[in-house]
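Everything below belongs to coords_21.cif, which stores mmCIF, N, CA and C atoms.
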data_coords
#
loop_
_atom_site.group_PDB
_atom_site.id
_atom_site.type_symbol
_atom_site.label_atom_id
_atom_site.label_comp_id
_atom_site.auth_asym_id
_atom_site.auth_seq_id
_atom_site.Cartn_x
_atom_site.Cartn_y
_atom_site.Cartn_z
ATOM 1 N N SER A 1 22.191 -12.423 -6.338
ATOM 2 C CA SER A 1 22.556 -11.628 -5.185
ATOM 3 C C SER A 1 21.398 -11.572 -4.204
ATOM 4 N N SER A 2 21.700 -11.565 -2.929
ATOM 5 C CA SER A 2 20.652 -11.514 -1.911
ATOM 6 C C SER A 2 19.931 -10.174 -1.903
ATOM 7 N N LEU A 3 20.539 -9.130 -2.468
ATOM 8 C CA LEU A 3 19.876 -7.823 -2.515
ATOM 9 C C LEU A 3 18.665 -7.825 -3.428
ATOM 10 N N THR A 4 18.600 -8.738 -4.381
ATOM 11 C CA THR A 4 17.444 -8.805 -5.263
ATOM 12 C C THR A 4 16.251 -9.484 -4.593
ATOM 13 N N THR A 5 16.455 -10.050 -3.429
ATOM 14 C CA THR A 5 15.359 -10.729 -2.735
ATOM 15 C C THR A 5 14.764 -9.891 -1.610
ATOM 16 N N VAL A 6 15.258 -8.665 -1.446
ATOM 17 C CA VAL A 6 14.725 -7.794 -0.405
ATOM 18 C C VAL A 6 14.084 -6.555 -1.026
ATOM 19 N N GLU A 7 13.175 -5.981 -0.295
ATOM 20 C CA GLU A 7 12.483 -4.757 -0.701
ATOM 21 C C GLU A 7 12.828 -3.677 0.317
ATOM 22 N N LEU A 8 13.196 -2.518 -0.164
ATOM 23 C CA LEU A 8 13.496 -1.388 0.712
ATOM 24 C C LEU A 8 12.365 -0.376 0.578
ATOM 25 N N THR A 9 11.732 -0.044 1.688
ATOM 26 C CA THR A 9 10.692 0.970 1.693
ATOM 27 C C THR A 9 10.857 1.844 2.927
ATOM 28 N N SER A 10 10.025 2.849 2.996
ATOM 29 C CA SER A 10 10.065 3.751 4.132
ATOM 30 C C SER A 10 8.659 4.225 4.424
ATOM 31 N N ALA A 11 8.309 4.316 5.688
ATOM 32 C CA ALA A 11 6.981 4.781 6.073
ATOM 33 C C ALA A 11 7.007 6.227 6.554
ATOM 34 N N PHE A 12 8.176 6.733 6.899
ATOM 35 C CA PHE A 12 8.302 8.117 7.352
ATOM 36 C C PHE A 12 9.775 8.504 7.357
ATOM 37 N N ALA A 13 10.053 9.768 7.542
ATOM 38 C CA ALA A 13 11.437 10.254 7.528
ATOM 39 C C ALA A 13 12.284 9.508 8.550
ATOM 40 N N ARG A 14 13.513 9.257 8.184
ATOM 41 C CA ARG A 14 14.481 8.564 9.039
ATOM 42 C C ARG A 14 14.061 7.139 9.392
ATOM 43 N N ASN A 15 13.379 6.496 8.466
ATOM 44 C CA ASN A 15 12.921 5.124 8.649
ATOM 45 C C ASN A 15 13.271 4.343 7.390
ATOM 46 N N LEU A 16 13.796 3.149 7.549
ATOM 47 C CA LEU A 16 14.066 2.275 6.416
ATOM 48 C C LEU A 16 13.576 0.882 6.780
ATOM 49 N N GLU A 17 12.720 0.344 5.937
ATOM 50 C CA GLU A 17 12.207 -1.006 6.136
ATOM 51 C C GLU A 17 12.890 -1.925 5.141
ATOM 52 N N VAL A 18 13.540 -2.967 5.634
ATOM 53 C CA VAL A 18 14.209 -3.952 4.799
ATOM 54 C C VAL A 18 13.525 -5.283 5.058
ATOM 55 N N LEU A 19 12.796 -5.757 4.051
ATOM 56 C CA LEU A 19 12.018 -6.984 4.206
ATOM 57 C C LEU A 19 12.191 -7.886 2.991
ATOM 58 N N PRO A 20 11.965 -9.177 3.155
ATOM 59 C CA PRO A 20 11.941 -10.048 1.965
ATOM 60 C C PRO A 20 10.865 -9.541 1.005
ATOM 61 N N ARG A 21 11.102 -9.640 -0.294
ATOM 62 C CA ARG A 21 10.148 -9.133 -1.284
ATOM 63 C C ARG A 21 8.735 -9.652 -1.059
ATOM 64 N N GLN A 22 8.596 -10.875 -0.650
ATOM 65 C CA GLN A 22 7.271 -11.464 -0.485
ATOM 66 C C GLN A 22 6.624 -11.111 0.858
ATOM 67 N N CYS A 23 7.292 -10.307 1.653
ATOM 68 C CA CYS A 23 6.782 -9.929 2.973
ATOM 69 C C CYS A 23 6.436 -8.441 2.949
ATOM 70 N N ASN A 24 5.191 -8.141 2.576
ATOM 71 C CA ASN A 24 4.743 -6.761 2.524
ATOM 72 C C ASN A 24 3.233 -6.711 2.752
ATOM 73 N N LYS A 25 2.678 -5.540 2.752
ATOM 74 C CA LYS A 25 1.251 -5.375 3.017
ATOM 75 C C LYS A 25 0.399 -6.095 1.976
ATOM 76 N N ALA A 26 0.802 -6.026 0.720
ATOM 77 C CA ALA A 26 0.022 -6.666 -0.339
ATOM 78 C C ALA A 26 0.038 -8.187 -0.204
ATOM 79 N N ALA A 27 1.170 -8.761 0.154
ATOM 80 C CA ALA A 27 1.252 -10.215 0.319
ATOM 81 C C ALA A 27 0.340 -10.674 1.446
ATOM 82 N N ALA A 28 0.319 -9.924 2.534
ATOM 83 C CA ALA A 28 -0.563 -10.267 3.654
ATOM 84 C C ALA A 28 -2.029 -10.126 3.253
ATOM 85 N N LEU A 29 -2.350 -9.050 2.554
ATOM 86 C CA LEU A 29 -3.729 -8.843 2.129
ATOM 87 C C LEU A 29 -4.154 -9.882 1.096
ATOM 88 N N GLU A 30 -3.244 -10.307 0.249
ATOM 89 C CA GLU A 30 -3.552 -11.358 -0.726
ATOM 90 C C GLU A 30 -3.928 -12.661 -0.037
ATOM 91 N N GLN A 31 -3.239 -12.998 1.038
ATOM 92 C CA GLN A 31 -3.581 -14.216 1.780
ATOM 93 C C GLN A 31 -4.989 -14.120 2.350
ATOM 94 N N LEU A 32 -5.328 -12.968 2.913
ATOM 95 C CA LEU A 32 -6.669 -12.768 3.461
ATOM 96 C C LEU A 32 -7.713 -12.775 2.346
ATOM 97 N N ARG A 33 -7.411 -12.105 1.240
ATOM 98 C CA ARG A 33 -8.347 -12.046 0.118
ATOM 99 C C ARG A 33 -8.662 -13.439 -0.408
ATOM 100 N N GLU A 34 -7.640 -14.263 -0.561
ATOM 101 C CA GLU A 34 -7.840 -15.627 -1.041
ATOM 102 C C GLU A 34 -8.654 -16.450 -0.045
ATOM 103 N N ARG A 35 -8.360 -16.277 1.206
ATOM 104 C CA ARG A 35 -9.098 -17.019 2.251
ATOM 105 C C ARG A 35 -10.577 -16.642 2.263
ATOM 106 N N LEU A 36 -10.861 -15.363 2.039
ATOM 107 C CA LEU A 36 -12.249 -14.881 2.016
ATOM 108 C C LEU A 36 -12.898 -15.014 0.639
ATOM 109 N N GLN A 37 -12.136 -15.478 -0.325
ATOM 110 C CA GLN A 37 -12.595 -15.673 -1.699
ATOM 111 C C GLN A 37 -13.192 -14.394 -2.292
ATOM 112 N N LEU A 38 -12.437 -13.315 -2.181
ATOM 113 C CA LEU A 38 -12.857 -12.028 -2.721
ATOM 114 C C LEU A 38 -12.046 -11.699 -3.971
ATOM 115 N N ASP A 39 -12.632 -10.909 -4.846
ATOM 116 C CA ASP A 39 -11.895 -10.378 -5.993
ATOM 117 C C ASP A 39 -11.136 -9.149 -5.520
ATOM 118 N N ARG A 40 -10.070 -8.826 -6.193
ATOM 119 C CA ARG A 40 -9.294 -7.638 -5.818
ATOM 120 C C ARG A 40 -10.138 -6.363 -5.892
ATOM 121 N N CYS A 41 -11.081 -6.330 -6.824
ATOM 122 C CA CYS A 41 -11.913 -5.126 -6.964
ATOM 123 C C CYS A 41 -12.921 -4.974 -5.827
ATOM 124 N N GLN A 42 -13.038 -5.960 -4.954
ATOM 125 C CA GLN A 42 -13.934 -5.878 -3.801
ATOM 126 C C GLN A 42 -13.232 -5.304 -2.568
ATOM 127 N N ILE A 43 -11.973 -4.974 -2.712
ATOM 128 C CA ILE A 43 -11.175 -4.500 -1.587
ATOM 129 C C ILE A 43 -10.684 -3.084 -1.870
ATOM 130 N N ALA A 44 -10.848 -2.204 -0.915
ATOM 131 C CA ALA A 44 -10.323 -0.839 -1.025
ATOM 132 C C ALA A 44 -9.077 -0.731 -0.161
ATOM 133 N N VAL A 45 -8.045 -0.103 -0.694
ATOM 134 C CA VAL A 45 -6.815 0.113 0.058
ATOM 135 C C VAL A 45 -6.569 1.614 0.193
ATOM 136 N N PHE A 46 -5.942 1.984 1.292
ATOM 137 C CA PHE A 46 -5.649 3.383 1.597
ATOM 138 C C PHE A 46 -4.169 3.499 1.922
ATOM 139 N N GLY A 47 -3.573 4.609 1.570
ATOM 140 C CA GLY A 47 -2.166 4.770 1.893
ATOM 141 C C GLY A 47 -1.659 6.166 1.635
ATOM 142 N N ASP A 48 -0.388 6.349 2.049
ATOM 143 C CA ASP A 48 0.223 7.667 1.887
ATOM 144 C C ASP A 48 1.714 7.623 1.607
ATOM 145 N N ASP A 49 2.370 6.474 1.810
ATOM 146 C CA ASP A 49 3.819 6.462 1.686
ATOM 147 C C ASP A 49 4.298 5.262 0.885
ATOM 148 N N LEU A 50 5.598 5.201 0.666
ATOM 149 C CA LEU A 50 6.178 4.191 -0.214
ATOM 150 C C LEU A 50 5.915 2.756 0.223
ATOM 151 N N ASN A 51 5.730 2.527 1.509
ATOM 152 C CA ASN A 51 5.454 1.160 1.951
ATOM 153 C C ASN A 51 4.044 0.712 1.555
ATOM 154 N N ASP A 52 3.245 1.605 0.989
ATOM 155 C CA ASP A 52 1.907 1.263 0.505
ATOM 156 C C ASP A 52 1.884 1.017 -0.995
ATOM 157 N N ARG A 53 3.000 1.262 -1.667
ATOM 158 C CA ARG A 53 3.055 1.126 -3.129
ATOM 159 C C ARG A 53 2.581 -0.251 -3.595
ATOM 160 N N CYS A 54 2.994 -1.299 -2.914
ATOM 161 C CA CYS A 54 2.617 -2.652 -3.322
ATOM 162 C C CYS A 54 1.099 -2.828 -3.339
ATOM 163 N N LEU A 55 0.396 -2.188 -2.419
ATOM 164 C CA LEU A 55 -1.069 -2.252 -2.401
ATOM 165 C C LEU A 55 -1.657 -1.541 -3.607
ATOM 166 N N PHE A 56 -1.136 -0.358 -3.897
ATOM 167 C CA PHE A 56 -1.654 0.457 -4.992
ATOM 168 C C PHE A 56 -1.374 -0.180 -6.344
ATOM 169 N N GLU A 57 -0.320 -0.953 -6.451
ATOM 170 C CA GLU A 57 0.007 -1.624 -7.705
ATOM 171 C C GLU A 57 -0.867 -2.849 -7.940
ATOM 172 N N LEU A 58 -1.426 -3.410 -6.889
ATOM 173 C CA LEU A 58 -2.180 -4.660 -6.998
ATOM 174 C C LEU A 58 -3.687 -4.475 -6.926
ATOM 175 N N TYR A 59 -4.148 -3.484 -6.189
ATOM 176 C CA TYR A 59 -5.586 -3.313 -5.965
ATOM 177 C C TYR A 59 -6.105 -2.075 -6.693
ATOM 178 N N PRO A 60 -7.106 -2.247 -7.559
ATOM 179 C CA PRO A 60 -7.587 -1.133 -8.380
ATOM 180 C C PRO A 60 -8.358 -0.058 -7.608
ATOM 181 N N CYS A 61 -8.957 -0.402 -6.494
ATOM 182 C CA CYS A 61 -9.718 0.575 -5.707
ATOM 183 C C CYS A 61 -8.791 1.119 -4.618
ATOM 184 N N SER A 62 -7.982 2.115 -4.998
ATOM 185 C CA SER A 62 -6.957 2.615 -4.091
ATOM 186 C C SER A 62 -7.153 4.101 -3.825
ATOM 187 N N TYR A 63 -7.009 4.465 -2.572
ATOM 188 C CA TYR A 63 -7.225 5.840 -2.137
ATOM 189 C C TYR A 63 -5.966 6.376 -1.469
ATOM 190 N N ALA A 64 -5.479 7.469 -1.985
ATOM 191 C CA ALA A 64 -4.334 8.150 -1.377
ATOM 192 C C ALA A 64 -4.854 9.388 -0.663
ATOM 193 N N VAL A 65 -4.365 9.611 0.545
ATOM 194 C CA VAL A 65 -4.748 10.828 1.254
ATOM 195 C C VAL A 65 -4.043 12.012 0.601
ATOM 196 N N ASP A 66 -4.624 13.180 0.746
ATOM 197 C CA ASP A 66 -4.137 14.382 0.072
ATOM 198 C C ASP A 66 -2.677 14.705 0.383
ATOM 199 N N ASN A 67 -2.218 14.345 1.555
ATOM 200 C CA ASN A 67 -0.825 14.621 1.932
ATOM 201 C C ASN A 67 0.111 13.448 1.629
ATOM 202 N N ALA A 68 -0.316 12.531 0.774
ATOM 203 C CA ALA A 68 0.501 11.371 0.401
ATOM 204 C C ALA A 68 1.675 11.805 -0.474
ATOM 205 N N ARG A 69 2.661 10.934 -0.538
ATOM 206 C CA ARG A 69 3.799 11.174 -1.433
ATOM 207 C C ARG A 69 3.291 11.216 -2.872
ATOM 208 N N PRO A 70 3.914 12.024 -3.711
ATOM 209 C CA PRO A 70 3.475 12.130 -5.109
ATOM 210 C C PRO A 70 3.437 10.788 -5.843
ATOM 211 N N GLU A 71 4.394 9.906 -5.555
ATOM 212 C CA GLU A 71 4.434 8.597 -6.205
ATOM 213 C C GLU A 71 3.192 7.769 -5.892
ATOM 214 N N ILE A 72 2.685 7.893 -4.677
ATOM 215 C CA ILE A 72 1.495 7.150 -4.260
ATOM 216 C C ILE A 72 0.247 7.783 -4.860
ATOM 217 N N LYS A 73 0.194 9.104 -4.844
ATOM 218 C CA LYS A 73 -0.948 9.794 -5.432
ATOM 219 C C LYS A 73 -1.078 9.457 -6.926
ATOM 220 N N ALA A 74 0.047 9.300 -7.609
ATOM 221 C CA ALA A 74 0.023 8.979 -9.033
ATOM 222 C C ALA A 74 -0.559 7.594 -9.299
ATOM 223 N N LEU A 75 -0.426 6.681 -8.343
ATOM 224 C CA LEU A 75 -0.943 5.318 -8.494
ATOM 225 C C LEU A 75 -2.394 5.175 -8.037
ATOM 226 N N ALA A 76 -2.875 6.114 -7.267
ATOM 227 C CA ALA A 76 -4.200 6.008 -6.654
ATOM 228 C C ALA A 76 -5.326 6.184 -7.659
ATOM 229 N N SER A 77 -6.423 5.475 -7.410
ATOM 230 C CA SER A 77 -7.607 5.674 -8.244
ATOM 231 C C SER A 77 -8.349 6.940 -7.811
ATOM 232 N N ARG A 78 -8.148 7.353 -6.540
ATOM 233 C CA ARG A 78 -8.763 8.573 -6.030
ATOM 234 C C ARG A 78 -7.876 9.203 -4.968
ATOM 235 N N ILE A 79 -7.987 10.519 -4.850
ATOM 236 C CA ILE A 79 -7.307 11.265 -3.791
ATOM 237 C C ILE A 79 -8.396 11.728 -2.830
ATOM 238 N N ILE A 80 -8.177 11.487 -1.540
ATOM 239 C CA ILE A 80 -9.156 11.872 -0.518
ATOM 240 C C ILE A 80 -8.506 12.861 0.449
ATOM 241 N N PRO A 81 -9.309 13.545 1.268
ATOM 242 C CA PRO A 81 -8.713 14.480 2.240
ATOM 243 C C PRO A 81 -7.701 13.773 3.155
ATOM 244 N N SER A 82 -6.819 14.554 3.730
ATOM 245 C CA SER A 82 -5.771 14.015 4.605
ATOM 246 C C SER A 82 -6.357 13.355 5.851
ATOM 247 N N CYS A 83 -5.523 12.622 6.548
ATOM 248 C CA CYS A 83 -5.950 11.981 7.807
ATOM 249 C C CYS A 83 -6.371 13.017 8.820
ATOM 250 N N GLN A 84 -5.685 14.159 8.856
ATOM 251 C CA GLN A 84 -6.025 15.223 9.783
ATOM 252 C C GLN A 84 -7.429 15.769 9.526
ATOM 253 N N LYS A 85 -7.877 15.625 8.293
ATOM 254 C CA LYS A 85 -9.233 16.083 7.921
ATOM 255 C C LYS A 85 -10.203 14.920 7.862
ATOM 256 N N GLN A 86 -9.834 13.776 8.453
ATOM 257 C CA GLN A 86 -10.675 12.586 8.539
ATOM 258 C C GLN A 86 -10.989 11.969 7.177
ATOM 259 N N GLY A 87 -10.103 12.126 6.205
ATOM 260 C CA GLY A 87 -10.323 11.598 4.867
ATOM 261 C C GLY A 87 -10.621 10.099 4.825
ATOM 262 N N PRO A 88 -9.804 9.260 5.441
ATOM 263 C CA PRO A 88 -10.098 7.815 5.400
ATOM 264 C C PRO A 88 -11.397 7.430 6.129
ATOM 265 N N ALA A 89 -11.792 8.235 7.091
ATOM 266 C CA ALA A 89 -13.042 7.927 7.818
ATOM 267 C C ALA A 89 -14.226 8.142 6.903
#
Once more with this new file: its structure as structure tokens, please.
Amino acid sequence: SSLTTVELTSAFARNLEVLPRQCNKAAALEQLRERLQLDRCQIAVFGDDLNDRCLFELYPCSYAVDNARPEIKALASRIIPSCQKQGPA
């Protein structure tokens, strides 16, 4: 079925992202990582919502902001202050 080849995610309320499974933030970052010949542990990823899950599942150095969805916080290696409190900075 063609539904098994797509990924459904959301970045905010009333938003639905429908993309091919291989077209996501992690796939793009993997291409860059390979080009730069870096190990996954040399890259830090930050996120807060379901569209960041692919990054958190692949990269061990992952930071979720304090106001992130619970699912993302559970995958994160660390929780940092929210964006409003300049956590990623």
- Query: Could you pull the residues within 5 Å of Gly47 of chain A, counting only N, CA and C atoms, minus those fewer than 3 positions along the same chain, as a PyMOL selection string?
  - Reply: chain A and resi 63-65
Please determine an axis-aligned box that encloses all atoms of segment 24-38 of chain A listed in the file, with 3 Å added on each side, and express its centre and edge lengths in Å to one decimal as lines of an AutoDock Vina configuration file.
center_x = -4.0
center_y = -11.2
center_z = -0.2
size_x = 24.4
size_y = 17.6
size_z = 13.6
- Task: Fewer than 5 positions away in the same chain doesn't count, so skip those; otherwise give me all residues within 7 Å of Ile72 of chain A, counting only N, CA and C atoms, as a PyMOL selection string.
- Result: chain A and resi 47-50+52-53+64
- Task: Give the strand (DSSP E) residues of chain A, as DSSP finds them on the backbone, and put them as an NGL selection string.
- Result: :A and (6-9 or 17-20 or 44-47 or 61-65 or 78-80)
- Near segment 54-61 of chain A, counting only N, CA and C atoms, which residues have an atom at most 6 Å away, once you skip same-chain residues fewer than 2 positions from it, shown as number ranges by chain? A: 25-26, 40-41, 43-45, 50-52, 63, 75, 77
- Message: So the first atom is atom C of Ala27 of chain A and the second is atom C of Glu71 of chain A; what is the distance between them in Å, to one decimal place?
- Response: 20.1 Å
- Item | Best match for closeness to Cys23 of chain A among A:Arg78, A:Glu7, A:Asp66, A:Gln37, counting all atoms listed in the file | A:Glu7
- Computed interatomic separation between atom CA of Asp39 of chain A and atom CA of Ile79 of chain A (Å): 22.2 Å
- Task: Go ahead and compute the interatomic distance for atom N of Gln22 of chain A and atom C of Thr5 of chain A, in Å to one decimal.
- Result: 6.3 Å
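Using only C-alpha atoms for every distance, the candidate list A:Phe46, A:Thr9, A:Asn24, A:Glu30 yields A:Phe46 as the residue closest to Ala89 of chain A.
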- DSSP says helix (DSSP H, G or I) for which residues of segment 6-74 of chain A? Put them as a VMD selection string? chain A and resid 25 to 36 40 to 42 50 to 58 70 to 74
Need the shell around Ser82 of chain A: protein/DNA/RNA residues with any atom at most 7 Å away, counting all atoms listed in the file. Skip same-chain ones fewer than 4 positions apart. Format as a CSV table (one decimal) with N, CA and C atoms, keeping the file's coordinate frame?
chain,number,residue,atom,x,y,z
A,65,VAL,N,-4.4,9.6,0.5
A,65,VAL,CA,-4.7,10.8,1.3
A,65,VAL,C,-4.0,12.0,0.6
A,66,ASP,N,-4.6,13.2,0.7
A,66,ASP,CA,-4.1,14.4,0.1
A,66,ASP,C,-2.7,14.7,0.4
A,67,ASN,N,-2.2,14.3,1.6
A,67,ASN,CA,-0.8,14.6,1.9
A,67,ASN,C,0.1,13.4,1.6
A,68,ALA,N,-0.3,12.5,0.8
A,68,ALA,CA,0.5,11.4,0.4
A,68,ALA,C,1.7,11.8,-0.5
A,86,GLN,N,-9.8,13.8,8.5
A,86,GLN,CA,-10.7,12.6,8.5
A,86,GLN,C,-11.0,12.0,7.2
A,87,GLY,N,-10.1,12.1,6.2
A,87,GLY,CA,-10.3,11.6,4.9
A,87,GLY,C,-10.6,10.1,4.8
A,88,PRO,N,-9.8,9.3,5.4
A,88,PRO,CA,-10.1,7.8,5.4
A,88,PRO,C,-11.4,7.4,6.1
Dump N, CA, C and O atoms of segment 24-44 of chain A from the given block, as a compact mmCIF listing (two decimals), in the first residue's frame.
# COMPACT_ATOMS: atom_id res chain seq x y z
N ASN A 24 12.79 13.49 5.33
CA ASN A 24 12.57 14.08 6.64
C ASN A 24 13.86 14.77 7.10
O ASN A 24 14.87 14.73 6.41
N LYS A 25 13.83 15.36 8.26
CA LYS A 25 14.98 16.09 8.77
C LYS A 25 16.19 15.18 8.94
O LYS A 25 17.32 15.58 8.64
N ALA A 26 15.97 13.98 9.43
CA ALA A 26 17.09 13.06 9.66
C ALA A 26 17.73 12.63 8.35
O ALA A 26 18.96 12.53 8.26
N ALA A 27 16.94 12.39 7.32
CA ALA A 27 17.50 11.99 6.03
C ALA A 27 18.36 13.10 5.45
O ALA A 27 19.45 12.85 4.92
N ALA A 28 17.90 14.33 5.58
CA ALA A 28 18.69 15.47 5.09
C ALA A 28 19.97 15.62 5.90
O ALA A 28 21.06 15.82 5.34
N LEU A 29 19.87 15.49 7.21
CA LEU A 29 21.05 15.62 8.05
C LEU A 29 22.03 14.47 7.82
O LEU A 29 23.25 14.67 7.86
N GLU A 30 21.53 13.29 7.54
CA GLU A 30 22.40 12.15 7.23
C GLU A 30 23.22 12.41 5.98
O GLU A 30 24.40 12.07 5.92
N GLN A 31 22.62 13.02 4.97
CA GLN A 31 23.37 13.35 3.75
C GLN A 31 24.50 14.32 4.06
O GLN A 31 25.63 14.14 3.59
N LEU A 32 24.21 15.34 4.86
CA LEU A 32 25.23 16.31 5.24
C LEU A 32 26.31 15.65 6.11
O LEU A 32 27.50 15.87 5.91
N ARG A 33 25.89 14.82 7.06
CA ARG A 33 26.84 14.15 7.94
C ARG A 33 27.81 13.28 7.15
O ARG A 33 29.02 13.31 7.38
N GLU A 34 27.29 12.53 6.19
CA GLU A 34 28.14 11.69 5.36
C GLU A 34 29.10 12.52 4.51
O GLU A 34 30.27 12.19 4.37
N ARG A 35 28.59 13.59 3.98
CA ARG A 35 29.44 14.48 3.15
C ARG A 35 30.58 15.08 3.96
O ARG A 35 31.70 15.23 3.48
N LEU A 36 30.29 15.43 5.21
CA LEU A 36 31.31 16.02 6.10
C LEU A 36 32.12 14.96 6.84
O LEU A 36 33.03 15.29 7.59
N GLN A 37 31.78 13.71 6.64
CA GLN A 37 32.45 12.57 7.26
C GLN A 37 32.49 12.69 8.79
O GLN A 37 33.53 12.55 9.43
N LEU A 38 31.32 12.94 9.36
CA LEU A 38 31.19 13.06 10.81
C LEU A 38 30.49 11.82 11.37
O LEU A 38 29.70 11.18 10.68
N ASP A 39 30.77 11.52 12.62
CA ASP A 39 30.04 10.47 13.32
C ASP A 39 28.75 11.09 13.85
O ASP A 39 28.69 12.29 14.12
N ARG A 40 27.75 10.28 14.05
CA ARG A 40 26.49 10.79 14.59
C ARG A 40 26.67 11.45 15.96
O ARG A 40 25.97 12.38 16.30
N CYS A 41 27.62 10.93 16.74
CA CYS A 41 27.83 11.50 18.08
C CYS A 41 28.51 12.87 18.03
O CYS A 41 28.61 13.54 19.05
N GLN A 42 28.94 13.32 16.87
CA GLN A 42 29.54 14.64 16.72
C GLN A 42 28.50 15.71 16.38
O GLN A 42 28.84 16.87 16.21
N ILE A 43 27.26 15.31 16.28
CA ILE A 43 26.19 16.22 15.88
C ILE A 43 25.16 16.33 17.00
O ILE A 43 24.73 15.31 17.55
N ALA A 44 24.79 17.54 17.35
CA ALA A 44 23.73 17.76 18.33
C ALA A 44 22.46 18.17 17.60
O ALA A 44 22.51 18.98 16.67
